[in-house]
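Participant: Sharing data_38.pdb here; it has PDB, C-alpha atoms.
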```pdb
MODEL        1
ATOM      1  CA  MET Y   1     -47.255 -20.367  16.054
ATOM      2  CA  SER Y   2     -48.051 -22.087  19.354
ATOM      3  CA  ARG Y   3     -48.918 -20.032  22.410
ATOM      4  CA  PRO Y   4     -46.608 -20.248  25.398
ATOM      5  CA  SER Y   5     -48.335 -21.997  28.267
ATOM      6  CA  LEU Y   6     -48.514 -20.308  31.628
ATOM      7  CA  PRO Y   7     -48.011 -22.265  34.838
ATOM      8  CA  ALA Y   8     -51.220 -23.234  36.597
ATOM      9  CA  THR Y   9     -49.860 -21.824  39.831
ATOM     10  CA  ASP Y  10     -46.865 -19.693  40.682
ATOM     11  CA  PRO Y  11     -46.341 -20.318  44.412
ATOM     12  CA  HIS Y  12     -43.076 -18.368  44.416
ATOM     13  CA  LEU Y  13     -45.095 -15.219  43.552
ATOM     14  CA  HIS Y  14     -48.003 -15.621  45.979
ATOM     15  CA  GLU Y  15     -48.758 -13.205  48.797
ATOM     16  CA  GLU Y  16     -50.490 -14.487  51.930
ATOM     17  CA  ARG Y  17     -52.956 -12.351  53.861
ATOM     18  CA  VAL Y  18     -52.014 -12.219  57.545
ATOM     19  CA  GLY Y  19     -54.389  -9.481  58.717
ATOM     20  CA  GLY Y  20     -56.457  -6.536  57.637
ATOM     21  CA  GLU Y  21     -59.143  -3.980  58.275
ATOM     22  CA  GLN Y  22     -62.091  -2.467  56.471
ATOM     23  CA  LEU Y  23     -61.535   1.231  55.753
ATOM     24  CA  LEU Y  24     -64.881   2.076  54.159
ATOM     25  CA  GLN Y  25     -68.261   0.499  53.448
ATOM     26  CA  GLY Y  26     -70.048   2.418  50.716
ATOM     27  CA  ASN Y  27     -73.339   1.756  48.959
ATOM     28  CA  PHE Y  28     -71.765  -1.021  46.900
ATOM     29  CA  LEU Y  29     -67.996  -0.639  47.263
ATOM     30  CA  LYS Y  30     -65.854  -1.697  50.189
ATOM     31  CA  VAL Y  31     -62.285  -0.488  50.759
ATOM     32  CA  MET Y  32     -59.829  -2.760  52.560
ATOM     33  CA  ARG Y  33     -56.278  -2.499  53.890
ATOM     34  CA  ASP Y  34     -54.596  -5.877  54.343
ATOM     35  CA  THR Y  35     -51.208  -6.932  55.630
ATOM     36  CA  VAL Y  36     -49.623  -9.617  53.465
ATOM     37  CA  ARG Y  37     -46.592 -11.855  53.746
ATOM     38  CA  LEU Y  38     -44.426 -11.532  50.635
ATOM     39  CA  PRO Y  39     -42.652 -14.461  48.962
ATOM     40  CA  ASP Y  40     -39.370 -13.460  50.659
ATOM     41  CA  GLY Y  41     -40.991 -13.478  54.129
ATOM     42  CA  HIS Y  42     -41.276  -9.716  54.549
ATOM     43  CA  THR Y  43     -44.646  -8.008  55.018
ATOM     44  CA  ALA Y  44     -46.373  -5.230  53.117
ATOM     45  CA  THR Y  45     -49.772  -3.531  53.001
ATOM     46  CA  ARG Y  46     -52.299  -3.765  50.205
ATOM     47  CA  GLU Y  47     -55.177  -1.317  49.856
ATOM     48  CA  TYR Y  48     -57.920  -2.381  47.470
ATOM     49  CA  VAL Y  49     -61.564  -2.023  46.551
ATOM     50  CA  ILE Y  50     -63.990  -4.940  46.747
ATOM     51  CA  HIS Y  51     -66.411  -4.671  43.823
ATOM     52  CA  PRO Y  52     -69.445  -6.909  43.126
ATOM     53  CA  GLY Y  53     -68.534  -7.349  39.456
ATOM     54  CA  ALA Y  54     -70.100  -5.971  36.298
ATOM     55  CA  VAL Y  55     -71.166  -6.745  32.754
ATOM     56  CA  VAL Y  56     -70.426  -4.888  29.515
ATOM     57  CA  VAL Y  57     -72.470  -5.498  26.370
ATOM     58  CA  VAL Y  58     -71.409  -5.068  22.730
ATOM     59  CA  PRO Y  59     -74.779  -4.477  20.995
ATOM     60  CA  MET Y  60     -74.576  -5.101  17.236
ATOM     61  CA  LEU Y  61     -77.176  -3.514  14.976
ATOM     62  CA  ASP Y  62     -78.295  -5.302  11.800
ATOM     63  CA  ASP Y  63     -76.657  -2.620   9.614
ATOM     64  CA  GLY Y  64     -73.219  -3.291  11.124
ATOM     65  CA  ARG Y  65     -73.108  -0.402  13.570
ATOM     66  CA  VAL Y  66     -72.721  -0.864  17.319
ATOM     67  CA  VAL Y  67     -74.651   0.852  20.099
ATOM     68  CA  LEU Y  68     -72.715   3.086  22.497
ATOM     69  CA  GLU Y  69     -73.452   5.535  25.292
ATOM     70  CA  ARG Y  70     -72.214   8.986  26.215
ATOM     71  CA  GLN Y  71     -72.212   9.531  29.973
ATOM     72  CA  TYR Y  72     -70.588  11.942  32.402
ATOM     73  CA  ARG Y  73     -68.253  10.093  34.760
ATOM     74  CA  TYR Y  74     -67.739  12.100  37.923
ATOM     75  CA  PRO Y  75     -64.384  10.634  39.080
ATOM     76  CA  VAL Y  76     -62.667  11.717  35.847
ATOM     77  CA  ALA Y  77     -64.907  14.788  35.282
ATOM     78  CA  HIS Y  78     -65.447  13.872  31.658
ATOM     79  CA  VAL Y  79     -68.191  12.669  29.325
ATOM     80  CA  MET Y  80     -67.104   9.195  28.249
ATOM     81  CA  THR Y  81     -68.084   7.128  25.222
ATOM     82  CA  GLU Y  82     -68.681   3.543  26.340
ATOM     83  CA  PHE Y  83     -70.451   0.317  25.597
ATOM     84  CA  PRO Y  84     -73.494  -0.252  27.855
ATOM     85  CA  ALA Y  85     -72.450  -1.698  31.199
ATOM     86  CA  GLY Y  86     -73.457  -1.984  34.807
ATOM     87  CA  LYS Y  87     -72.774  -3.676  38.100
ATOM     88  CA  ILE Y  88     -74.133  -7.087  38.988
ATOM     89  CA  ASP Y  89     -76.773  -7.124  41.706
ATOM     90  CA  ALA Y  90     -76.379  -9.609  44.578
ATOM     91  CA  GLY Y  91     -77.103 -13.124  43.333
ATOM     92  CA  GLU Y  92     -77.699 -11.965  39.753
ATOM     93  CA  PRO Y  93     -76.235 -14.077  36.912
ATOM     94  CA  PRO Y  94     -74.031 -11.989  34.575
ATOM     95  CA  LEU Y  95     -76.192 -12.634  31.497
ATOM     96  CA  VAL Y  96     -79.317 -11.470  33.336
ATOM     97  CA  CYS Y  97     -77.417  -8.338  34.355
ATOM     98  CA  GLY Y  98     -76.371  -7.730  30.752
ATOM     99  CA  LYS Y  99     -79.938  -8.014  29.477
ATOM    100  CA  ARG Y 100     -81.193  -5.721  32.221
ATOM    101  CA  GLU Y 101     -78.542  -3.071  31.662
ATOM    102  CA  LEU Y 102     -78.990  -3.089  27.873
ATOM    103  CA  LEU Y 103     -82.730  -2.541  28.218
ATOM    104  CA  GLU Y 104     -82.525   0.005  31.042
ATOM    105  CA  GLU Y 105     -79.824   2.147  29.457
ATOM    106  CA  THR Y 106     -80.518   1.870  25.725
ATOM    107  CA  GLY Y 107     -84.065   0.493  25.358
ATOM    108  CA  TYR Y 108     -82.804  -2.418  23.261
ATOM    109  CA  THR Y 109     -83.537  -6.105  23.693
ATOM    110  CA  ALA Y 110     -81.638  -8.756  21.754
ATOM    111  CA  ARG Y 111     -82.635 -11.952  19.964
ATOM    112  CA  GLU Y 112     -79.241 -13.600  20.502
ATOM    113  CA  TRP Y 113     -76.482 -13.353  23.088
ATOM    114  CA  ALA Y 114     -72.910 -14.657  23.271
ATOM    115  CA  LYS Y 115     -70.475 -14.708  26.179
ATOM    116  CA  ALA Y 116     -67.125 -13.406  24.981
ATOM    117  CA  GLY Y 117     -64.938 -13.475  28.074
ATOM    118  CA  ALA Y 118     -64.042 -11.520  31.164
ATOM    119  CA  MET Y 119     -61.574  -8.856  32.183
ATOM    120  CA  HIS Y 120     -60.083  -7.645  35.441
ATOM    121  CA  LEU Y 121     -60.312  -3.900  35.151
ATOM    122  CA  ALA Y 122     -57.769  -2.672  37.715
ATOM    123  CA  VAL Y 123     -55.810  -5.601  39.159
ATOM    124  CA  ALA Y 124     -53.545  -3.437  41.323
ATOM    125  CA  TYR Y 125     -56.337  -2.074  43.513
ATOM    126  CA  SER Y 126     -59.702  -3.672  42.748
ATOM    127  CA  THR Y 127     -61.376  -7.083  42.720
ATOM    128  CA  GLU Y 128     -63.672  -5.959  39.895
ATOM    129  CA  ILE Y 129     -64.274  -8.429  37.099
ATOM    130  CA  ILE Y 130     -66.300  -7.437  34.044
ATOM    131  CA  HIS Y 131     -68.053 -10.089  31.957
ATOM    132  CA  VAL Y 132     -68.150  -9.328  28.226
ATOM    133  CA  TYR Y 133     -71.269 -10.195  26.203
ATOM    134  CA  PHE Y 134     -72.239  -9.603  22.589
ATOM    135  CA  ALA Y 135     -75.867  -9.029  21.597
ATOM    136  CA  ARG Y 136     -77.472  -9.056  18.153
ATOM    137  CA  GLY Y 137     -80.912  -9.085  16.592
ATOM    138  CA  LEU Y 138     -81.719  -5.873  18.436
ATOM    139  CA  THR Y 139     -85.213  -4.461  18.887
ATOM    140  CA  LEU Y 140     -85.652  -0.932  20.199
ATOM    141  CA  GLY Y 141     -88.140  -0.185  22.953
ATOM    142  CA  ASP Y 142     -88.315   2.294  25.831
ATOM    143  CA  ARG Y 143     -85.386   2.965  28.094
ATOM    144  CA  GLN Y 144     -85.774   2.455  31.838
ATOM    145  CA  LEU Y 145     -83.049   4.672  33.264
ATOM    146  CA  ASP Y 146     -82.399   4.614  36.985
ATOM    147  CA  HIS Y 147     -83.266   7.743  38.978
ATOM    148  CA  GLY Y 148     -80.405  10.206  38.590
ATOM    149  CA  GLU Y 149     -78.997   8.468  35.514
ATOM    150  CA  PHE Y 150     -78.407  10.664  32.456
ATOM    151  CA  LEU Y 151     -76.889   9.389  29.232
ATOM    152  CA  ASP Y 152     -77.174   9.639  25.467
ATOM    153  CA  VAL Y 153     -77.393   6.581  23.222
ATOM    154  CA  ILE Y 154     -75.417   6.769  19.977
ATOM    155  CA  SER Y 155     -74.226   4.363  17.319
ATOM    156  CA  ALA Y 156     -71.053   4.043  15.300
ATOM    157  CA  THR Y 157     -69.521   1.814  12.693
ATOM    158  CA  PRO Y 158     -66.712  -0.432  13.941
ATOM    159  CA  GLU Y 159     -64.311   1.615  11.842
ATOM    160  CA  GLU Y 160     -65.429   4.853  13.499
ATOM    161  CA  LEU Y 161     -65.086   3.303  16.945
ATOM    162  CA  ILE Y 162     -61.623   1.947  16.188
ATOM    163  CA  GLY Y 163     -60.634   5.420  15.018
ATOM    164  CA  TRP Y 164     -61.909   6.931  18.269
ATOM    165  CA  VAL Y 165     -59.768   4.497  20.243
ATOM    166  CA  ARG Y 166     -56.752   5.282  18.098
ATOM    167  CA  ASP Y 167     -57.078   9.071  18.387
ATOM    168  CA  GLY Y 168     -57.848   9.073  22.130
ATOM    169  CA  THR Y 169     -61.540   9.990  21.878
ATOM    170  CA  VAL Y 170     -62.450   6.700  23.571
ATOM    171  CA  THR Y 171     -60.283   6.047  26.622
ATOM    172  CA  ASP Y 172     -62.622   3.806  28.642
ATOM    173  CA  ALA Y 173     -60.703   0.586  29.303
ATOM    174  CA  LYS Y 174     -63.626  -1.828  29.066
ATOM    175  CA  THR Y 175     -64.708  -0.311  25.765
ATOM    176  CA  GLN Y 176     -61.180  -0.523  24.381
ATOM    177  CA  THR Y 177     -61.041  -4.193  25.383
ATOM    178  CA  CYS Y 178     -64.392  -4.771  23.698
ATOM    179  CA  VAL Y 179     -63.018  -3.187  20.522
ATOM    180  CA  LEU Y 180     -60.306  -5.869  20.510
ATOM    181  CA  TRP Y 181     -63.020  -8.508  20.784
ATOM    182  CA  LEU Y 182     -65.128  -6.804  18.114
ATOM    183  CA  GLN Y 183     -62.265  -6.639  15.620
ATOM    184  CA  ASN Y 184     -61.469 -10.328  16.043
ATOM    185  CA  VAL Y 185     -65.112 -11.432  15.942
ATOM    186  CA  LEU Y 186     -65.791  -9.441  12.774
ATOM    187  CA  SER Y 187     -62.647 -10.793  11.095
ATOM    188  CA  GLY Y 188     -63.618 -14.364  11.962
ATOM    189  CA  ALA Y 189     -60.493 -14.908  14.047
ATOM    190  CA  TRP Y 190     -62.544 -15.374  17.230
ATOM    191  CA  VAL Y 191     -65.803 -17.320  17.062
ATOM    192  CA  LEU Y 192     -68.661 -16.694  19.476
ATOM    193  CA  ASP Y 193     -71.195 -19.268  20.640
ATOM    194  CA  TRP Y 194     -74.466 -17.448  19.965
ATOM    195  CA  GLN Y 195     -77.525 -18.489  21.957
ATOM    196  CA  SER Y 196     -81.147 -17.493  21.427
ATOM    197  CA  ASP Y 197     -82.648 -15.387  24.190
ATOM    198  CA  ASP Y 198     -84.760 -17.700  26.333
ATOM    199  CA  GLY Y 199     -86.397 -14.778  28.090
ATOM    200  CA  ALA Y 200     -84.410 -15.281  31.313
TER     201      ALA Y 200
ENDMDL
END
```
Kindly present the structure from the file in structure tokens form.
Facilitator:
Amino acid sequence: MSRPSLPATDPHLHEERVGGEQLLQGNFLKVMRDTVRLPDGHTATREYVIHPGAVVVVPMLDDGRVVLERQYRYPVAHVMTEFPAGKIDAGEPPLVCGKRELLEETGYTAREWAKAGAMHLAVAYSTEIIHVYFARGLTLGDRQLDHGEFLDVISATPEELIGWVRDGTVTDAKTQTCVLWLQNVLSGAWVLDWQSDDGA
């Protein structure tokens, strides 16, 4: 079955920014309110968060399990089960961010890395893009948690993780997206381009 092709551009759907203001400048998030011209000529407002971007890592252990974290997330007042992830520092390449976050949060380094893809996490109100990486050939060392960061590192089989998504135990969107990637990579449907860690 062939995939339907999407148009490269859809000018009849575009909105044009005609003005705006910054509502908040936080430590790393900025909140904006823009006025836009709609395709029919009318105007509307758009409130959104400017985010520096992030990386999520799917760490694969040699025995087939994957590495996950349990961390309290204040906005939803809940301990979430997630793949390791973190925001990109200014000027930092996504792969470097992924390596840093994996080491800091879990203590693991990886022999090989593969870029899977990217996802826009909340397109209605955020610019955030998350780059998805897989890591394998893991070696455990010491974690380097940031000050004020508290989390547990756990592992699970892919089947256990899929079950947690199905029964609502895992509701984190980036982790659910990574489960889709993981299923297709493990089945051979999606092939990754693995690269040896060059130490960068």
Participant: Quick one: which residues end up in the PyMOL selection byres ((chain Y and resi 40) around 12) for this structure, as a list in words?
Facilitator: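 Evaluating the PyMOL selection byres ((chain Y and resi 40) around 12) on this file yields Pro11, His12, Leu13, His14, Glu15, Glu16, Val36, Arg37, Leu38, Pro39, Gly41, His42, Thr43 and Ala44 of chain Y.
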Participant: Separation of atom CA of Val58 of chain Y and atom CA of Lys115 of chain Y, in Å?
Facilitator: 10.3 Å
Participant: Please write as JSON, numbers by chain the full residue list that the PyMOL selection byres ((chain Y and resi 33) around 9) yields on this file.
Facilitator: {"Y": [19, 20, 21, 22, 23, 31, 32, 34, 35, 45, 46, 47, 48]}
Participant: Under the rule of at most 12 Å, produce a per-residue listing of segment 45-153 of chain Y near segment 176-193 of chain Y: chain, number, name, the closest pair of atoms, and the distance in Å, as a Markdown table, using all atoms listed in the file.
Facilitator:
```
| residue | atom | partner | partner_atom | distance |
| --- | --- | --- | --- | --- |
| Y:Val55 | CA | Y:Cys178 | CA | 11.5 |
| Y:Val56 | CA | Y:Cys178 | CA | 8.4 |
| Y:Val57 | CA | Y:Cys178 | CA | 8.5 |
| Y:Val58 | CA | Y:Cys178 | CA | 7.1 |
| Y:Pro59 | CA | Y:Leu182 | CA | 10.3 |
| Y:Met60 | CA | Y:Leu182 | CA | 9.6 |
| Y:Gly64 | CA | Y:Leu186 | CA | 9.8 |
| Y:Arg65 | CA | Y:Leu182 | CA | 11.2 |
| Y:Val66 | CA | Y:Leu182 | CA | 9.7 |
| Y:Leu68 | CA | Y:Cys178 | CA | 11.5 |
| Y:Thr81 | CA | Y:Gln176 | CA | 10.3 |
| Y:Glu82 | CA | Y:Gln176 | CA | 8.8 |
| Y:Phe83 | CA | Y:Cys178 | CA | 8.1 |
| Y:Pro84 | CA | Y:Cys178 | CA | 11.0 |
| Y:Ala85 | CA | Y:Cys178 | CA | 11.4 |
| Y:Glu112 | CA | Y:Asp193 | CA | 9.8 |
| Y:Trp113 | CA | Y:Asp193 | CA | 8.3 |
| Y:Ala114 | CA | Y:Asp193 | CA | 5.6 |
| Y:Lys115 | CA | Y:Asp193 | CA | 7.2 |
| Y:Ala116 | CA | Y:Leu192 | CA | 6.6 |
| Y:Gly117 | CA | Y:Trp181 | CA | 9.0 |
| Y:Ala118 | CA | Y:Thr177 | CA | 9.8 |
| Y:Met119 | CA | Y:Thr177 | CA | 8.3 |
| Y:His120 | CA | Y:Thr177 | CA | 10.7 |
| Y:Leu121 | CA | Y:Thr177 | CA | 9.8 |
| Y:Ile130 | CA | Y:Thr177 | CA | 10.6 |
| Y:His131 | CA | Y:Cys178 | CA | 10.5 |
| Y:Val132 | CA | Y:Cys178 | CA | 7.4 |
| Y:Tyr133 | CA | Y:Cys178 | CA | 9.1 |
| Y:Phe134 | CA | Y:Leu192 | CA | 8.5 |
| Y:Ala135 | CA | Y:Leu192 | CA | 10.7 |
| Y:Arg136 | CA | Y:Leu192 | CA | 11.7 |
```
Participant: How far is it from atom CA of Val18 of chain Y to atom CA of Leu6 of chain Y, in Å with one decimal?
Facilitator: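 For atom CA of Val18 of chain Y relative to atom CA of Leu6 of chain Y, the distance reads 27.4 Å.
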Participant: Can you put N, CA and C atoms back into segment 133-159 of chain Y and show it as a compact mmCIF listing (two decimals), in the frame of the given file?
Facilitator:
```
# COMPACT_ATOMS: atom_id res chain seq x y z
N TYR Y 133 -70.25 -9.53 27.02
CA TYR Y 133 -71.27 -10.20 26.20
C TYR Y 133 -71.48 -9.43 24.90
N PHE Y 134 -71.80 -10.19 23.85
CA PHE Y 134 -72.24 -9.60 22.59
C PHE Y 134 -73.74 -9.85 22.45
N ALA Y 135 -74.43 -8.90 21.82
CA ALA Y 135 -75.87 -9.03 21.60
C ALA Y 135 -76.18 -8.63 20.16
N ARG Y 136 -77.07 -9.39 19.52
CA ARG Y 136 -77.47 -9.06 18.15
C ARG Y 136 -78.95 -9.38 17.96
N GLY Y 137 -79.48 -8.96 16.79
CA GLY Y 137 -80.91 -9.09 16.59
C GLY Y 137 -81.64 -8.12 17.50
N LEU Y 138 -81.22 -6.86 17.48
CA LEU Y 138 -81.72 -5.87 18.44
C LEU Y 138 -83.09 -5.33 18.05
N THR Y 139 -83.92 -5.11 19.05
CA THR Y 139 -85.21 -4.46 18.89
C THR Y 139 -85.28 -3.30 19.86
N LEU Y 140 -85.64 -2.13 19.36
CA LEU Y 140 -85.65 -0.93 20.20
C LEU Y 140 -87.00 -0.76 20.88
N GLY Y 141 -86.96 -0.51 22.17
CA GLY Y 141 -88.14 -0.18 22.95
C GLY Y 141 -87.87 1.05 23.78
N ASP Y 142 -88.48 1.14 24.95
CA ASP Y 142 -88.32 2.29 25.83
C ASP Y 142 -87.22 2.04 26.85
N ARG Y 143 -86.41 3.06 27.05
CA ARG Y 143 -85.39 2.96 28.09
C ARG Y 143 -86.03 3.01 29.47
N GLN Y 144 -85.31 2.46 30.46
CA GLN Y 144 -85.77 2.46 31.84
C GLN Y 144 -84.63 2.92 32.75
N LEU Y 145 -84.19 4.14 32.53
CA LEU Y 145 -83.05 4.67 33.26
C LEU Y 145 -83.33 4.73 34.76
N ASP Y 146 -82.29 4.46 35.55
CA ASP Y 146 -82.40 4.61 36.98
C ASP Y 146 -82.57 6.10 37.32
N HIS Y 147 -83.15 6.37 38.50
CA HIS Y 147 -83.27 7.74 38.98
C HIS Y 147 -81.87 8.35 39.09
N GLY Y 148 -81.69 9.53 38.53
CA GLY Y 148 -80.40 10.21 38.59
C GLY Y 148 -79.42 9.77 37.53
N GLU Y 149 -79.88 8.95 36.58
CA GLU Y 149 -79.00 8.47 35.51
C GLU Y 149 -79.29 9.26 34.24
N PHE Y 150 -78.27 9.85 33.65
CA PHE Y 150 -78.41 10.66 32.46
C PHE Y 150 -77.37 10.21 31.44
N LEU Y 151 -77.83 9.80 30.27
CA LEU Y 151 -76.89 9.39 29.23
C LEU Y 151 -77.54 9.47 27.86
N ASP Y 152 -76.72 9.64 26.85
CA ASP Y 152 -77.17 9.64 25.47
C ASP Y 152 -76.80 8.32 24.83
N VAL Y 153 -77.67 7.80 23.98
CA VAL Y 153 -77.39 6.58 23.22
C VAL Y 153 -77.02 6.99 21.80
N ILE Y 154 -75.89 6.47 21.32
CA ILE Y 154 -75.42 6.77 19.98
C ILE Y 154 -75.06 5.46 19.29
N SER Y 155 -74.71 5.54 18.03
CA SER Y 155 -74.23 4.36 17.32
C SER Y 155 -73.03 4.77 16.47
N ALA Y 156 -72.23 3.78 16.11
CA ALA Y 156 -71.05 4.04 15.30
C ALA Y 156 -70.71 2.79 14.52
N THR Y 157 -70.05 2.97 13.40
CA THR Y 157 -69.52 1.81 12.69
C THR Y 157 -68.29 1.31 13.46
N PRO Y 158 -67.94 0.05 13.30
CA PRO Y 158 -66.71 -0.43 13.94
C PRO Y 158 -65.50 0.39 13.54
N GLU Y 159 -65.45 0.82 12.30
CA GLU Y 159 -64.31 1.62 11.84
C GLU Y 159 -64.25 2.96 12.57
```
